[in-house]
Every structure is written in C-alpha cells, then in structure tokens.
file data-v6.tsv (TSV, C-alpha atoms)
chain	number	residue	atom	x	y	z
N	8	MET	CA	25.49	48.28	11.44
N	9	ALA	CA	24.49	47.35	15.00
N	10	THR	CA	21.58	44.98	15.62
N	11	VAL	CA	19.70	44.10	18.79
N	12	GLU	CA	17.60	40.94	18.62
N	13	LEU	CA	14.72	40.02	20.92
N	14	ARG	CA	12.82	36.76	21.06
N	15	PHE	CA	9.89	36.37	23.40
N	16	SER	CA	7.12	33.87	24.00
N	17	ALA	CA	3.80	34.84	22.45
N	18	GLN	CA	2.33	36.34	25.60
N	19	PRO	CA	0.70	39.80	25.59
N	20	GLU	CA	2.62	40.88	28.70
N	21	HIS	CA	5.92	40.74	26.76
N	22	VAL	CA	4.77	43.34	24.22
N	23	ARG	CA	5.41	46.16	26.70
N	24	THR	CA	9.01	45.04	27.14
N	25	ALA	CA	9.51	45.01	23.36
N	26	ARG	CA	8.11	48.56	23.14
N	27	LEU	CA	10.44	49.82	25.87
N	28	VAL	CA	13.51	48.18	24.34
N	29	ALA	CA	12.61	49.51	20.87
N	30	ALA	CA	12.28	53.08	22.18
N	31	ALA	CA	15.60	52.86	24.05
N	32	VAL	CA	17.47	51.46	21.03
N	33	ALA	CA	15.80	53.99	18.69
N	34	ARG	CA	16.87	56.85	20.96
N	35	ARG	CA	20.43	55.55	21.05
N	36	ALA	CA	20.41	55.15	17.23
N	37	GLY	CA	19.54	58.83	16.80
N	38	VAL	CA	15.84	58.74	16.01
N	39	ASP	CA	14.29	62.14	16.73
N	40	GLU	CA	12.66	62.41	20.17
N	41	ALA	CA	9.40	63.60	18.59
N	42	VAL	CA	9.13	60.27	16.70
N	43	LEU	CA	9.80	57.94	19.65
N	44	ASP	CA	6.11	57.69	20.57
N	45	GLU	CA	5.38	56.55	17.01
N	46	VAL	CA	8.14	53.94	17.30
N	47	ARG	CA	6.67	52.66	20.57
N	48	LEU	CA	3.14	52.50	19.19
N	49	ALA	CA	4.15	50.86	15.91
N	50	VAL	CA	6.27	48.22	17.66
N	51	GLY	CA	3.43	47.59	20.11
N	52	GLU	CA	0.97	47.06	17.26
N	53	ALA	CA	3.34	44.82	15.30
N	54	CYS	CA	4.23	42.71	18.34
N	55	SER	CA	0.58	42.45	19.44
N	56	ARG	CA	-0.31	41.29	15.94
N	57	ALA	CA	2.44	38.64	16.00
N	58	VAL	CA	1.40	37.47	19.48
N	59	GLY	CA	-2.23	37.24	18.34
N	60	LEU	CA	-1.31	35.26	15.23
N	61	HIS	CA	0.83	32.84	17.23
N	62	ARG	CA	-1.87	32.31	19.83
N	63	SER	CA	-4.73	31.89	17.33
N	64	HIS	CA	-2.73	29.38	15.27
N	65	GLY	CA	-1.37	27.43	18.23
N	66	ILE	CA	2.26	28.26	17.48
N	67	THR	CA	4.68	27.91	20.39
N	68	GLU	CA	7.76	29.41	18.72
N	69	PRO	CA	8.81	32.84	19.99
N	70	VAL	CA	8.07	36.16	18.31
N	71	SER	CA	11.23	37.77	16.97
N	72	VAL	CA	12.17	41.44	16.89
N	73	ALA	CA	15.32	42.77	15.21
N	74	LEU	CA	16.28	46.41	15.84
N	75	THR	CA	18.96	47.60	13.41
N	76	GLU	CA	20.91	50.84	13.38
N	77	GLU	CA	21.97	51.58	9.83
N	78	GLU	CA	23.96	54.51	8.44
N	79	LYS	CA	21.01	56.85	7.91
N	80	ALA	CA	18.07	54.91	9.29
N	81	PHE	CA	16.81	52.82	12.17
N	82	SER	CA	14.76	49.76	11.27
N	83	ILE	CA	12.71	47.23	13.17
N	84	GLU	CA	11.57	43.85	11.90
N	85	VAL	CA	8.88	41.98	13.83
N	86	GLY	CA	8.56	38.38	12.74
N	87	ASP	CA	5.96	35.71	13.36
N	88	SER	CA	6.07	31.99	12.55
N	89	VAL	CA	2.64	31.68	10.95
N	90	PRO	CA	3.16	30.21	7.46
N	91	GLY	CA	1.51	31.70	4.40
N	92	PRO	CA	-0.54	34.86	4.05
N	93	SER	CA	-2.33	35.58	7.34
N	94	GLY	CA	-5.64	36.15	5.54
N	95	ASP	CA	-5.50	32.86	3.60
N	96	PRO	CA	-8.09	30.46	5.10
N	97	ALA	CA	-6.24	27.45	3.70
N	98	SER	CA	-3.02	28.31	5.52
N	99	SER	CA	-4.75	29.12	8.80
N	100	GLY	CA	-6.67	25.84	8.66
N	101	ALA	CA	-3.48	23.90	7.99
N	102	SER	CA	-1.64	25.48	10.92
N	103	ASN	CA	-4.54	24.97	13.32
N	104	GLY	CA	-4.45	21.20	12.77
N	105	SER	CA	-6.58	19.30	15.25
N	106	GLY	CA	-7.35	22.48	17.20
N	107	ALA	CA	-9.77	23.66	14.53
N	108	GLY	CA	-13.40	23.04	15.17
N	109	PRO	CA	-16.87	24.22	14.29
N	110	ASP	CA	-16.80	26.88	17.02
N	111	ARG	CA	-13.45	28.42	15.86
N	112	PRO	CA	-14.25	30.21	12.58
N	113	ASP	CA	-15.91	33.27	14.13
N	114	PRO	CA	-13.02	34.11	16.52
N	115	GLU	CA	-10.55	33.65	13.66
N	116	MET	CA	-12.50	36.04	11.49
N	117	ASP	CA	-12.50	38.55	14.34
N	118	GLY	CA	-8.75	38.02	14.66
N	119	GLU	CA	-8.28	38.71	10.97
N	120	GLY	CA	-10.23	41.95	11.35
N	121	GLU	CA	-8.02	42.95	14.26
N	122	ASP	CA	-4.99	41.98	12.15
N	123	GLU	CA	-6.08	44.33	9.36
N	124	MET	CA	-6.77	47.10	11.90
N	125	GLY	CA	-3.30	46.68	13.38
N	126	LEU	CA	-1.71	46.91	9.93
N	127	ALA	CA	-3.73	50.06	9.21
N	128	VAL	CA	-2.52	51.65	12.46
N	129	ILE	CA	1.10	50.74	11.67
N	130	SER	CA	0.77	52.19	8.15
N	131	GLY	CA	-0.56	55.41	9.66
N	132	LEU	CA	2.35	55.67	12.09
N	133	VAL	CA	5.25	54.66	9.86
N	134	ASP	CA	6.08	56.16	6.45
N	135	ASP	CA	8.41	53.31	5.47
N	136	VAL	CA	6.70	49.98	6.20
N	137	GLU	CA	6.82	46.64	4.41
N	138	VAL	CA	4.76	43.53	5.19
N	139	ARG	CA	5.95	40.15	3.88
N	140	SER	CA	4.58	36.67	4.37
N	141	GLY	CA	5.94	33.32	3.30
N	142	ALA	CA	6.26	29.67	4.21
N	143	ALA	CA	8.49	30.45	7.22
N	144	GLY	CA	6.18	33.16	8.57
N	145	GLY	CA	5.55	36.87	8.25
N	146	VAL	CA	7.65	39.98	8.83
N	147	ILE	CA	6.71	43.60	9.32
N	148	ARG	CA	9.67	45.86	8.55
N	149	MET	CA	9.48	49.48	9.66
N	150	SER	CA	12.15	52.17	9.41
N	151	TRP	CA	12.70	55.74	10.50
N	152	PRO	CA	15.42	58.25	9.57
N	153	THR	CA	18.07	58.99	12.17
N	154	ALA	CA	19.29	62.45	13.18
N	155	ASP	CA	22.36	62.00	10.96
N	156	ALA	CA	20.11	61.41	7.94
N	157	ALA	CA	18.04	64.51	8.71
N	158	VAL	CA	21.14	66.74	8.93
N	159	ARG	CA	22.77	65.43	5.74
N	160	PRO	CA	21.31	66.38	2.36
call {"tool": "encode", "arguments": {"input": "data-v6.tsv", "output": "structure tokens"}}
result
Amino acid sequence: MATVELRFSAQPEHVRTARLVAAAVARRAGVDEAVLDEVRLAVGEACSRAVGLHRSHGITEPVSVALTEEEKAFSIEVGDSVPGPSGDPASSGASNGSGAGPDRPDPEMDGEGEDEMGLAVISGLVDDVEVRSGAAGGVIRMSWPTADAAVRP
C-alpha cells in the first residue's frame, strides 16, 4: 500500500496543485482515464472546502491530503483542523475566539451554505465517500476502483 501525503497552507492557490498531484497519483495507481476528471473535481472541492473552513475559523495549520493506492482501490483523504461538526454553531464560535464579532455571523452562514454545496458536489462525483468530523478536525475520504479491481471479478 503506497501513500503520498501533501500538506499545504490554507491558501486557495494551493488547491490547483493538490488537484494536479491527485490526478497524477490516481493515474499511476490505475484509476481509469475516464474517471480522472471526477478525481480532479472531487479533490478540488474537498480541498477548497478545507481551505475555506481553515480561513473562516482562523486556523493556521495546514490542510492535509493523503493519496493511498490499495490493492483494488485508490483513496484520497482530505483533512481539516476545524474541531467538531462544521455546522455546529457552538464549535465554530469556540474556534473563532476573539475574531468573532457582530458582523461575522452572515459570512459564516454563507460559508456553511457553500460547505453543504461542496459536499453535495463531491457526493455527486464520488460513489464511495465518507465525511467524518471530530475534536481533531474533519476528514473527507473518497475512493475509486483501480483497473485491477475492474478486471478481477
């Protein structure tokens, strides 16, 4: 099982690099060429979501991406460092700390709407997707079959 790990600062310009690396590793792992656009789009959405969460919650830790080649599948995990469920107002208020103010609730609500839209797009692109959130942050895990899996019964 080979794994490639990326960590990048929560800047939108780094999302493109993550997409390109994901497509290259997916190709090398044996993901069908017809699916590579879906891989790129799904990784772009997941990384953009993580970047947005980090920026809106004032988190300076990097976004993490793990690309894993398994026996019959290729999986990608995009992790953020935002504690608790992303839609929980109590957890977002706690992580904002002194940065929260009376003018911040509306942009955060817009961000949550974008978050839900991004998850909907990912779910439409990827058949096998799992979203987890906990005290250490959230993870979106996506996987695709490899060519070896498609050939074998």
call {"tool": "residues_around", "arguments": {"input": "data-v6.tsv", "residues": "segment 127-133 of chain N", "least_positions_apart": "5", "cutoff": "8 Å", "atoms": "only C-alpha atoms", "output": "short mmCIF file (atom, residue, chain, number, x, y, z; two decimals) with C-alpha atoms, keeping the file's coordinate frame"}}
result
data_model
loop_
_atom_site.label_atom_id
_atom_site.label_comp_id
_atom_site.auth_asym_id
_atom_site.auth_seq_id
_atom_site.Cartn_x
_atom_site.Cartn_y
_atom_site.Cartn_z
CA GLU N 45 5.38 56.55 17.01
CA VAL N 46 8.14 53.94 17.30
CA LEU N 48 3.14 52.50 19.19
CA ALA N 49 4.15 50.86 15.91
CA GLU N 52 0.97 47.06 17.26
CA ALA N 53 3.34 44.82 15.30
CA MET N 149 9.48 49.48 9.66
CA SER N 150 12.15 52.17 9.41
CA TRP N 151 12.70 55.74 10.50
#
call {"tool": "closest_residue", "arguments": {"input": "data-v6.tsv", "among": "N:Ala33, N:Cys54, N:Ala142, N:Ala41", "to": "Pro19 of chain N", "atoms": "all atoms listed in the file"}}
result
N:Cys54
call {"tool": "atom_distance", "arguments": {"input": "data-v6.tsv", "atom1": "atom CA of Arg47 of chain N", "atom2": "atom CA of Gly91 of chain N"}}
result
27.0 Å
call {"tool": "residues_near_point", "arguments": {"input": "data-v6.tsv", "point": "(14.7, 36.5, 18.3)", "cutoff": "10 Å", "atoms": "all atoms listed in the file", "output": "ChimeraX atom specification"}}
result
/N:11-16,68-73,85-86
call {"tool": "closest_residue", "arguments": {"input": "data-v6.tsv", "among": "N:Gly37, N:Pro152, N:Gly144, N:Gly125", "to": "Val50 of chain N", "atoms": "only C-alpha atoms"}}
result
N:Gly125
call {"tool": "atom_distance", "arguments": {"input": "data-v6.tsv", "atom1": "atom CA of Ala154 of chain N", "atom2": "atom CA of Gly51 of chain N"}}
result
22.8 Å
call {"tool": "atom_distance", "arguments": {"input": "data-v6.tsv", "atom1": "atom CA of Arg148 of chain N", "atom2": "atom CA of Ala31 of chain N"}}
result
18.0 Å
